[in-house]
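Structure file data.pdb with PDB, C-alpha atoms and all ligand atoms:
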MODEL        1
ATOM      1  CA  MET A   1     -18.311 -21.704   9.906  1.00  0.00           C
ATOM      2  CA  ASN A   2     -20.836 -24.014  11.536  1.00  0.00           C
ATOM      3  CA  ASN A   3     -22.230 -21.180  13.624  1.00  0.00           C
ATOM      4  CA  LEU A   4     -22.668 -18.796  10.697  1.00  0.00           C
ATOM      5  CA  PRO A   5     -26.318 -18.226   9.751  1.00  0.00           C
ATOM      6  CA  THR A   6     -27.067 -20.282   6.647  1.00  0.00           C
ATOM      7  CA  PRO A   7     -27.772 -17.335   4.296  1.00  0.00           C
ATOM      8  CA  LEU A   8     -24.355 -15.855   5.124  1.00  0.00           C
ATOM      9  CA  GLN A   9     -22.628 -19.169   4.399  1.00  0.00           C
ATOM     10  CA  ARG A  10     -23.989 -19.016   0.871  1.00  0.00           C
ATOM     11  CA  TRP A  11     -22.581 -15.593   0.066  1.00  0.00           C
ATOM     12  CA  ASP A  12     -19.956 -15.495  -2.609  1.00  0.00           C
ATOM     13  CA  ARG A  13     -16.656 -13.746  -1.933  1.00  0.00           C
ATOM     14  CA  ALA A  14     -17.605 -10.533  -3.718  1.00  0.00           C
ATOM     15  CA  SER A  15     -20.822 -10.262  -1.695  1.00  0.00           C
ATOM     16  CA  ARG A  16     -18.794 -10.713   1.464  1.00  0.00           C
ATOM     17  CA  ALA A  17     -16.358  -7.994   0.389  1.00  0.00           C
ATOM     18  CA  ARG A  18     -19.169  -5.565  -0.372  1.00  0.00           C
ATOM     19  CA  ALA A  19     -20.913  -6.323   2.924  1.00  0.00           C
ATOM     20  CA  ALA A  20     -17.658  -5.834   4.823  1.00  0.00           C
ATOM     21  CA  HIS A  21     -17.063  -2.547   3.022  1.00  0.00           C
ATOM     22  CA  GLN A  22     -20.520  -1.273   3.986  1.00  0.00           C
ATOM     23  CA  ALA A  23     -20.027  -2.357   7.602  1.00  0.00           C
ATOM     24  CA  LEU A  24     -16.686  -0.561   7.756  1.00  0.00           C
ATOM     25  CA  LEU A  25     -18.167   2.589   6.225  1.00  0.00           C
ATOM     26  CA  ALA A  26     -20.854   2.549   8.917  1.00  0.00           C
ATOM     27  CA  HIS A  27     -18.253   1.981  11.622  1.00  0.00           C
ATOM     28  CA  TYR A  28     -15.375   4.249  10.528  1.00  0.00           C
ATOM     29  CA  GLY A  29     -16.932   6.577   7.956  1.00  0.00           C
ATOM     30  CA  LYS A  30     -15.691   7.197   4.421  1.00  0.00           C
ATOM     31  CA  PRO A  31     -12.214   8.678   4.118  1.00  0.00           C
ATOM     32  CA  THR A  32     -11.703  10.522   0.837  1.00  0.00           C
ATOM     33  CA  TRP A  33      -8.562  11.255  -1.140  1.00  0.00           C
ATOM     34  CA  ASP A  34      -7.467  14.890  -0.938  1.00  0.00           C
ATOM     35  CA  ALA A  35      -5.577  16.060  -4.035  1.00  0.00           C
ATOM     36  CA  ALA A  36      -4.219  19.182  -2.336  1.00  0.00           C
ATOM     37  CA  GLU A  37      -2.899  17.172   0.594  1.00  0.00           C
ATOM     38  CA  ALA A  38      -1.366  14.583  -1.726  1.00  0.00           C
ATOM     39  CA  ALA A  39       0.354  17.300  -3.760  1.00  0.00           C
ATOM     40  CA  GLN A  40       2.305  18.343  -0.681  1.00  0.00           C
ATOM     41  CA  GLU A  41       4.583  15.370  -1.286  1.00  0.00           C
ATOM     42  CA  PRO A  42       5.759  15.261  -4.935  1.00  0.00           C
ATOM     43  CA  LEU A  43       5.636  11.853  -6.599  1.00  0.00           C
ATOM     44  CA  LEU A  44       9.410  11.692  -6.925  1.00  0.00           C
ATOM     45  CA  ASP A  45       9.785  12.314  -3.188  1.00  0.00           C
ATOM     46  CA  ARG A  46       7.262   9.548  -2.501  1.00  0.00           C
ATOM     47  CA  LEU A  47       9.229   7.055  -4.556  1.00  0.00           C
ATOM     48  CA  ILE A  48      12.469   7.987  -2.826  1.00  0.00           C
ATOM     49  CA  ARG A  49      10.748   7.695   0.551  1.00  0.00           C
ATOM     50  CA  VAL A  50       9.363   4.254  -0.299  1.00  0.00           C
ATOM     51  CA  VAL A  51      12.826   2.885  -1.086  1.00  0.00           C
ATOM     52  CA  VAL A  52      14.488   4.478   1.955  1.00  0.00           C
ATOM     53  CA  ALA A  53      11.629   3.628   4.352  1.00  0.00           C
ATOM     54  CA  GLN A  54      11.523  -0.137   3.854  1.00  0.00           C
ATOM     55  CA  ASN A  55      11.833  -1.952   7.182  1.00  0.00           C
ATOM     56  CA  THR A  56      12.581   1.071   9.300  1.00  0.00           C
ATOM     57  CA  SER A  57      10.924   3.206  11.946  1.00  0.00           C
ATOM     58  CA  ARG A  58       9.300   6.528  11.187  1.00  0.00           C
ATOM     59  CA  ALA A  59      11.958   8.412  13.171  1.00  0.00           C
ATOM     60  CA  ASN A  60      14.899   6.720  11.436  1.00  0.00           C
ATOM     61  CA  ARG A  61      13.253   7.212   8.053  1.00  0.00           C
ATOM     62  CA  ALA A  62      12.871  10.926   8.744  1.00  0.00           C
ATOM     63  CA  ARG A  63      16.523  11.239   9.752  1.00  0.00           C
ATOM     64  CA  ALA A  64      17.692   9.394   6.661  1.00  0.00           C
ATOM     65  CA  LEU A  65      15.533  11.452   4.299  1.00  0.00           C
ATOM     66  CA  GLU A  66      16.657  14.693   5.912  1.00  0.00           C
ATOM     67  CA  ARG A  67      20.337  13.711   5.462  1.00  0.00           C
ATOM     68  CA  LEU A  68      19.681  12.610   1.888  1.00  0.00           C
ATOM     69  CA  GLN A  69      17.950  15.870   1.025  1.00  0.00           C
ATOM     70  CA  ARG A  70      20.730  17.921   2.613  1.00  0.00           C
ATOM     71  CA  ARG A  71      23.494  16.114   0.717  1.00  0.00           C
ATOM     72  CA  PHE A  72      21.590  15.786  -2.551  1.00  0.00           C
ATOM     73  CA  PRO A  73      19.264  18.805  -2.776  1.00  0.00           C
ATOM     74  CA  ASP A  74      18.758  17.997  -6.462  1.00  0.00           C
ATOM     75  CA  PRO A  75      17.533  14.364  -6.549  1.00  0.00           C
ATOM     76  CA  ALA A  76      19.078  13.948 -10.003  1.00  0.00           C
ATOM     77  CA  LEU A  77      22.487  14.044  -8.309  1.00  0.00           C
ATOM     78  CA  ILE A  78      21.691  10.699  -6.674  1.00  0.00           C
ATOM     79  CA  ALA A  79      22.034   8.977 -10.038  1.00  0.00           C
ATOM     80  CA  ASP A  80      25.769   9.655 -10.339  1.00  0.00           C
ATOM     81  CA  ALA A  81      26.715  10.009  -6.688  1.00  0.00           C
ATOM     82  CA  PRO A  82      29.534   7.896  -5.277  1.00  0.00           C
ATOM     83  CA  LEU A  83      27.728   4.894  -3.852  1.00  0.00           C
ATOM     84  CA  MET A  84      29.388   5.178  -0.457  1.00  0.00           C
ATOM     85  CA  ALA A  85      28.196   8.787  -0.132  1.00  0.00           C
ATOM     86  CA  LEU A  86      24.672   7.557  -0.725  1.00  0.00           C
ATOM     87  CA  VAL A  87      25.088   4.700   1.758  1.00  0.00           C
ATOM     88  CA  ASP A  88      26.310   7.169   4.346  1.00  0.00           C
ATOM     89  CA  ALA A  89      23.441   9.607   3.684  1.00  0.00           C
ATOM     90  CA  ILE A  90      20.683   7.056   4.276  1.00  0.00           C
ATOM     91  CA  HIS A  91      22.549   5.130   6.960  1.00  0.00           C
ATOM     92  CA  PRO A  92      20.001   5.937   9.748  1.00  0.00           C
ATOM     93  CA  ALA A  93      17.299   4.028   7.836  1.00  0.00           C
ATOM     94  CA  GLY A  94      19.230   0.750   8.071  1.00  0.00           C
ATOM     95  CA  LEU A  95      20.076  -1.717   5.272  1.00  0.00           C
ATOM     96  CA  ALA A  96      21.802   1.193   3.574  1.00  0.00           C
ATOM     97  CA  ASN A  97      24.106  -1.116   1.610  1.00  0.00           C
ATOM     98  CA  VAL A  98      21.006  -2.637   0.003  1.00  0.00           C
ATOM     99  CA  LYS A  99      18.896   0.480  -0.326  1.00  0.00           C
ATOM    100  CA  ALA A 100      21.542   2.824  -1.747  1.00  0.00           C
ATOM    101  CA  PRO A 101      22.169   0.863  -4.974  1.00  0.00           C
ATOM    102  CA  ARG A 102      18.408   0.413  -5.409  1.00  0.00           C
ATOM    103  CA  LEU A 103      17.843   4.115  -4.972  1.00  0.00           C
ATOM    104  CA  GLN A 104      20.586   4.966  -7.432  1.00  0.00           C
ATOM    105  CA  ALA A 105      19.274   2.460  -9.966  1.00  0.00           C
ATOM    106  CA  MET A 106      15.753   3.852  -9.609  1.00  0.00           C
ATOM    107  CA  MET A 107      16.939   7.420 -10.181  1.00  0.00           C
ATOM    108  CA  ARG A 108      18.835   6.356 -13.299  1.00  0.00           C
ATOM    109  CA  GLN A 109      15.721   4.605 -14.621  1.00  0.00           C
ATOM    110  CA  LEU A 110      13.572   7.655 -13.902  1.00  0.00           C
ATOM    111  CA  LEU A 111      15.995  10.043 -15.578  1.00  0.00           C
ATOM    112  CA  GLU A 112      16.072   7.867 -18.675  1.00  0.00           C
ATOM    113  CA  ALA A 113      12.294   7.360 -18.771  1.00  0.00           C
ATOM    114  CA  THR A 114      11.555  11.084 -18.417  1.00  0.00           C
ATOM    115  CA  ASP A 115      14.306  12.429 -20.714  1.00  0.00           C
ATOM    116  CA  GLY A 116      16.041  13.873 -17.698  1.00  0.00           C
ATOM    117  CA  THR A 117      13.073  15.880 -16.419  1.00  0.00           C
ATOM    118  CA  LEU A 118      12.042  13.561 -13.559  1.00  0.00           C
ATOM    119  CA  ASP A 119       8.504  14.744 -14.285  1.00  0.00           C
ATOM    120  CA  LEU A 120       6.082  11.991 -13.231  1.00  0.00           C
ATOM    121  CA  GLU A 121       2.829  13.803 -13.969  1.00  0.00           C
ATOM    122  CA  PHE A 122       2.059  11.264 -16.703  1.00  0.00           C
ATOM    123  CA  LEU A 123       1.084   8.853 -13.924  1.00  0.00           C
ATOM    124  CA  HIS A 124      -2.147  10.849 -13.525  1.00  0.00           C
ATOM    125  CA  THR A 125      -3.325  10.131 -17.059  1.00  0.00           C
ATOM    126  CA  ALA A 126      -1.511   7.009 -18.275  1.00  0.00           C
ATOM    127  CA  PRO A 127      -3.615   3.849 -18.557  1.00  0.00           C
ATOM    128  CA  LEU A 128      -3.726   2.321 -15.097  1.00  0.00           C
ATOM    129  CA  ILE A 129      -2.079  -0.964 -16.062  1.00  0.00           C
ATOM    130  CA  GLU A 130       0.756   0.823 -17.856  1.00  0.00           C
ATOM    131  CA  ALA A 131       1.316   3.180 -14.934  1.00  0.00           C
ATOM    132  CA  LEU A 132       1.535   0.254 -12.517  1.00  0.00           C
ATOM    133  CA  GLU A 133       3.872  -1.651 -14.823  1.00  0.00           C
ATOM    134  CA  PHE A 134       6.100   1.397 -15.061  1.00  0.00           C
ATOM    135  CA  LEU A 135       6.332   1.755 -11.292  1.00  0.00           C
ATOM    136  CA  GLU A 136       6.810  -1.969 -10.668  1.00  0.00           C
ATOM    137  CA  GLY A 137       9.661  -1.912 -13.163  1.00  0.00           C
ATOM    138  CA  LEU A 138      11.619   0.522 -11.016  1.00  0.00           C
ATOM    139  CA  ALA A 139      14.363  -0.768  -8.733  1.00  0.00           C
ATOM    140  CA  GLY A 140      13.109  -1.059  -5.164  1.00  0.00           C
ATOM    141  CA  ILE A 141       9.411  -0.690  -6.066  1.00  0.00           C
ATOM    142  CA  GLY A 142       7.239  -3.803  -5.758  1.00  0.00           C
ATOM    143  CA  PRO A 143       3.519  -4.342  -6.404  1.00  0.00           C
ATOM    144  CA  LEU A 144       2.484  -3.035  -2.988  1.00  0.00           C
ATOM    145  CA  SER A 145       4.662   0.074  -3.170  1.00  0.00           C
ATOM    146  CA  ALA A 146       3.525   0.829  -6.721  1.00  0.00           C
ATOM    147  CA  ARG A 147      -0.102   0.710  -5.621  1.00  0.00           C
ATOM    148  CA  LEU A 148       0.542   2.814  -2.529  1.00  0.00           C
ATOM    149  CA  VAL A 149       2.096   5.522  -4.690  1.00  0.00           C
ATOM    150  CA  MET A 150      -0.765   5.344  -7.183  1.00  0.00           C
ATOM    151  CA  LEU A 151      -3.512   5.391  -4.537  1.00  0.00           C
ATOM    152  CA  PHE A 152      -2.140   7.997  -2.153  1.00  0.00           C
ATOM    153  CA  GLY A 153       0.042  10.075  -4.460  1.00  0.00           C
ATOM    154  CA  VAL A 154      -2.043  10.065  -7.628  1.00  0.00           C
ATOM    155  CA  GLY A 155      -5.536   9.183  -6.394  1.00  0.00           C
ATOM    156  CA  ARG A 156      -5.951   6.398  -8.957  1.00  0.00           C
ATOM    157  CA  PRO A 157      -8.342   3.477  -8.208  1.00  0.00           C
ATOM    158  CA  VAL A 158      -5.985   0.714  -7.112  1.00  0.00           C
ATOM    159  CA  LEU A 159      -5.969  -1.388  -3.952  1.00  0.00           C
ATOM    160  CA  PRO A 160      -2.677  -1.894  -2.122  1.00  0.00           C
ATOM    161  CA  VAL A 161      -2.855  -5.132  -0.126  1.00  0.00           C
ATOM    162  CA  ASN A 162      -0.539  -5.190   2.862  1.00  0.00           C
ATOM    163  CA  THR A 163      -0.301  -8.032   5.379  1.00  0.00           C
ATOM    164  CA  GLY A 164      -3.037  -6.620   7.624  1.00  0.00           C
ATOM    165  CA  LEU A 165      -5.525  -6.106   4.820  1.00  0.00           C
ATOM    166  CA  LEU A 166      -4.760  -9.559   3.429  1.00  0.00           C
ATOM    167  CA  ARG A 167      -5.321 -11.137   6.841  1.00  0.00           C
ATOM    168  CA  VAL A 168      -8.756  -9.513   7.253  1.00  0.00           C
ATOM    169  CA  ALA A 169      -9.810 -10.341   3.688  1.00  0.00           C
ATOM    170  CA  ILE A 170      -8.952 -14.034   4.126  1.00  0.00           C
ATOM    171  CA  ARG A 171     -10.502 -14.348   7.574  1.00  0.00           C
ATOM    172  CA  VAL A 172     -13.738 -12.652   6.540  1.00  0.00           C
ATOM    173  CA  GLY A 173     -13.927 -14.875   3.466  1.00  0.00           C
ATOM    174  CA  MET A 174     -13.345 -12.389   0.639  1.00  0.00           C
ATOM    175  CA  LEU A 175     -10.410 -14.484  -0.588  1.00  0.00           C
ATOM    176  CA  PRO A 176      -9.554 -18.177  -0.585  1.00  0.00           C
ATOM    177  CA  PRO A 177      -7.432 -19.321   2.367  1.00  0.00           C
ATOM    178  CA  GLN A 178      -3.673 -19.017   1.751  1.00  0.00           C
ATOM    179  CA  SER A 179      -4.181 -16.352  -0.933  1.00  0.00           C
ATOM    180  CA  SER A 180      -1.052 -14.348  -1.686  1.00  0.00           C
ATOM    181  CA  ALA A 181      -0.939 -10.562  -1.837  1.00  0.00           C
ATOM    182  CA  ASP A 182      -0.390 -10.851  -5.600  1.00  0.00           C
ATOM    183  CA  ARG A 183      -3.591 -12.866  -5.942  1.00  0.00           C
ATOM    184  CA  ALA A 184      -5.409 -10.381  -3.725  1.00  0.00           C
ATOM    185  CA  HIS A 185      -4.195  -7.526  -5.963  1.00  0.00           C
ATOM    186  CA  GLU A 186      -5.914  -9.318  -8.843  1.00  0.00           C
ATOM    187  CA  LEU A 187      -9.141 -10.367  -7.143  1.00  0.00           C
ATOM    188  CA  LEU A 188     -10.187  -7.760  -4.605  1.00  0.00           C
ATOM    189  CA  PRO A 189     -10.414  -4.568  -6.718  1.00  0.00           C
ATOM    190  CA  ALA A 190     -12.932  -6.203  -9.054  1.00  0.00           C
ATOM    191  CA  MET A 191     -15.273  -6.879  -6.124  1.00  0.00           C
ATOM    192  CA  LEU A 192     -15.791  -3.236  -5.221  1.00  0.00           C
ATOM    193  CA  PRO A 193     -16.680   0.055  -6.910  1.00  0.00           C
ATOM    194  CA  SER A 194     -13.439   1.612  -8.119  1.00  0.00           C
ATOM    195  CA  ASP A 195     -14.302   4.929  -6.436  1.00  0.00           C
ATOM    196  CA  ASP A 196     -14.439   3.157  -3.070  1.00  0.00           C
ATOM    197  CA  LEU A 197     -11.018   1.501  -3.120  1.00  0.00           C
ATOM    198  CA  TYR A 198      -9.375   4.356  -1.211  1.00  0.00           C
ATOM    199  CA  ALA A 199     -11.891   4.123   1.648  1.00  0.00           C
ATOM    200  CA  PHE A 200     -11.846   0.324   1.591  1.00  0.00           C
ATOM    201  CA  HIS A 201      -8.049   0.229   1.853  1.00  0.00           C
ATOM    202  CA  LEU A 202      -7.887   2.668   4.754  1.00  0.00           C
ATOM    203  CA  ASN A 203     -10.749   1.098   6.675  1.00  0.00           C
ATOM    204  CA  MET A 204      -9.457  -2.457   6.247  1.00  0.00           C
ATOM    205  CA  VAL A 205      -5.963  -1.457   7.361  1.00  0.00           C
ATOM    206  CA  ARG A 206      -7.471   0.320  10.338  1.00  0.00           C
ATOM    207  CA  LEU A 207      -9.524  -2.735  11.296  1.00  0.00           C
ATOM    208  CA  ALA A 208      -6.436  -4.940  11.069  1.00  0.00           C
ATOM    209  CA  ARG A 209      -4.678  -2.592  13.449  1.00  0.00           C
ATOM    210  CA  ASP A 210      -7.607  -2.080  15.830  1.00  0.00           C
ATOM    211  CA  ASN A 211      -9.133  -5.557  15.969  1.00  0.00           C
ATOM    212  CA  CYS A 212      -7.895  -8.166  13.545  1.00  0.00           C
ATOM    213  CA  HIS A 213      -4.469  -8.790  15.035  1.00  0.00           C
ATOM    214  CA  ASN A 214      -2.402 -11.703  13.807  1.00  0.00           C
ATOM    215  CA  SER A 215      -2.766 -13.472  17.135  1.00  0.00           C
ATOM    216  CA  ARG A 216      -5.726 -13.050  19.467  1.00  0.00           C
ATOM    217  CA  PRO A 217      -7.943 -10.853  17.265  1.00  0.00           C
ATOM    218  CA  ARG A 218     -10.522  -8.825  19.159  1.00  0.00           C
ATOM    219  CA  CYS A 219     -13.619 -10.299  17.518  1.00  0.00           C
ATOM    220  CA  ASP A 220     -15.967  -9.393  20.370  1.00  0.00           C
ATOM    221  CA  ASN A 221     -16.344  -5.792  19.272  1.00  0.00           C
ATOM    222  CA  CYS A 222     -15.409  -6.124  15.586  1.00  0.00           C
ATOM    223  CA  PRO A 223     -17.805  -4.535  13.081  1.00  0.00           C
ATOM    224  CA  LEU A 224     -17.258  -7.495  10.733  1.00  0.00           C
ATOM    225  CA  ALA A 225     -17.966 -10.225  13.289  1.00  0.00           C
ATOM    226  CA  VAL A 226     -21.490 -10.847  11.961  1.00  0.00           C
ATOM    227  CA  ILE A 227     -20.237 -11.849   8.502  1.00  0.00           C
ATOM    228  CA  CYS A 228     -16.740 -13.127   9.311  1.00  0.00           C
ATOM    229  CA  LEU A 229     -16.111 -16.791   8.435  1.00  0.00           C
ATOM    230  CA  TRP A 230     -13.125 -17.019  10.749  1.00  0.00           C
ATOM    231  CA  VAL A 231     -14.930 -16.015  13.944  1.00  0.00           C
ATOM    232  CA  HIS A 232     -17.858 -18.302  13.180  1.00  0.00           C
ATOM    233  CA  SER A 233     -15.585 -21.260  12.539  1.00  0.00           C
ATOM    234  CA  ALA A 234     -13.680 -20.864  15.819  1.00  0.00           C
TER     235      ALA A 234
HETATM  236  S1  LIG B   1     -14.387 -10.908  13.502  1.00  0.00           S
HETATM  237 FE1  LIG B   1     -12.327 -11.321  14.305  1.00  0.00          FE
HETATM  238  S2  LIG B   1     -11.274 -12.494  12.696  1.00  0.00           S
HETATM  239 FE2  LIG B   1     -13.102 -11.540  11.774  1.00  0.00          FE
HETATM  240  S3  LIG B   1     -12.367  -9.606  10.905  1.00  0.00           S
HETATM  241 FE3  LIG B   1     -13.115  -9.149  12.966  1.00  0.00          FE
HETATM  242  S4  LIG B   1     -11.309  -9.320  14.302  1.00  0.00           S
HETATM  243 FE4  LIG B   1     -10.804 -10.321  12.350  1.00  0.00          FE
ENDMDL
END

Have the structure of the file written as structure tokens, please.
Ligand code: SF4
Amino acid sequence: MNNLPTPLQRWDRASRARAAHQALLAHYGKPTWDAAEAAQEPLLDRLIRVVVAQNTSRANRARALERLQRRFPDPALIADAPLMALVDAIHPAGLANVKAPRLQAMMRQLLEATDGTLDLEFLHTAPLIEALEFLEGLAGIGPLSARLVMLFGVGRPVLPVNTGLLRVAIRVGMLPPQSSADRAHELLPAMLPSDDLYAFHLNMVRLARDNCHNSRPRCDNCPLAVICLWVHSA
């Protein structure tokens, strides 16, 4: 931090987040949520995908979801399926013995919560906190997954914080060192305009992938290098 120009050292965390957001907008542009594109994957399908996709490759996830859809064309059937049939269906995704009971439990919860309709349209209009609590209460859905579904599937103003985004936010100085993702979920959204959270999420994740690697980040051509505490403290 010794090499950081004095005015930048004095910035508070929110100022740093807003400056980083503007720098990323200038560098990557402003991605916008597309309702029509989002509607191509129904919310129920998204939730099923989230549970099946954990810790697997894109190709294996696709195979597992295709087998699941073929064996259970009506997702409601998952709720009462023999567990071993479910394990076998999603086997290509790995950890099927863990994921299958979660998936079945989630479908049972959803059927009960929607009076058997599996209609999740209420997530578009429910108070944000209640919608997140509902999703986080489902088997297999954690805080990150709930926010991913809300941001990408529903277009609501939430900020999913994955490991890459968290790493950038801490290094730049938007969050205290050692902050957890849970803490970041609380702190970061309040620092930015709610309408910009979609663009901020995508641009931060992209920067983590392009430049801000866990080891040997490429700071030399990073658009946040000017304001980043980490690079100036190296
Ligand atoms: S300057 Fe380096 S440490 Fe800072 S955000 Fe960019 S890549 Fe990450």

Best match for closeness to ligand LIG 1 (chain B) among A:Leu138, A:Ala113, A:Ala23, A:Ala190, counting all atoms listed in the file: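 Closest to ligand LIG 1 (chain B) of all the choices is A:Ala23.
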
Which chains and residue numbers are within 10 Å of ligand LIG 1 (chain B), counting only C-alpha atoms and all ligand atoms, if I want them as a PyMOL selection string? chain A and resi 20+164-165+167-173+204+207-234

Ranking A:Leu65, A:Leu25, A:Leu77, A:Leu118 by minimum distance to A:Leu197 and counting all atoms listed in the file, which one comes first? A:Leu25

Find the distance between atom CA of A:Leu95 and atom CA of A:Thr56 and write it in Å to one decimal. 9.0 Å

So what do you get for atom CA of A:Leu175 versus atom CA of A:Thr163, distance-wise?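 Atom CA of A:Leu175 sits 13.4 Å away from atom CA of A:Thr163.
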
Gap from atom CA of A:Thr114 to atom CA of A:Pro73 - Å, one decimal: 19.1 Å

To test your reading of the syntax: which residues would the PyMOL selection byres (((chain A and resi 31) around 10) and not hetatm) return for the file shown? Reply as a count of residues only. 14

As a PyMOL selection string, please: the residues near A:Glu37 (cut-off 12 Å, only C-alpha atoms, same-chain neighbours under 3 positions excluded). chain A and resi 32-34+40-42+152-155

Near A:His91, within 10 Å and counting all atoms listed in the file, which residues show up once chain neighbours fewer than 3 positions away are dropped, as a ChimeraX atom specification? /A:52,60-61,63-65,67-68,85-88,94-97,99-100

Distance criterion (only C-alpha atoms): nearest to A:Thr125 out of A:Met84, A:Met150, A:Ala62, A:Ile90: A:Met150

Reference answer for the PyMOL selection byres (((chain A and resi 101-105) around 7) and not hetatm), as a PyMOL selection string: chain A and resi 48+51+78-79+83+98-100+106-109+139-140

Given the PyMOL selection byres (((chain A and resi 192) around 12) and not hetatm), the residues it picks as a VMD selection string: chain A and resid 13 to 22 157 to 159 174 187 to 191 193 to 201

Measuring between all atoms listed in the file, which one of A:Ala59, A:Val161, A:Leu135, A:His185 shows the shortest distance to A:Arg46?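 Counting all atoms listed in the file, the residue closest to A:Arg46 is A:Leu135.
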
Name the closest residue to A:Pro75 among the candidates A:Ala146, A:Ala93, A:Ile141, A:Leu111; distances are taken between atoms, counting only C-alpha atoms. A:Leu111

Using all atoms listed in the file, can you tell me which of A:Gln69, A:Val50, A:Arg147, A:Arg206 comes closest to A:Leu123?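 Going through A:Gln69, A:Val50, A:Arg147, A:Arg206 one by one, the smallest distance to A:Leu123 is for A:Arg147.
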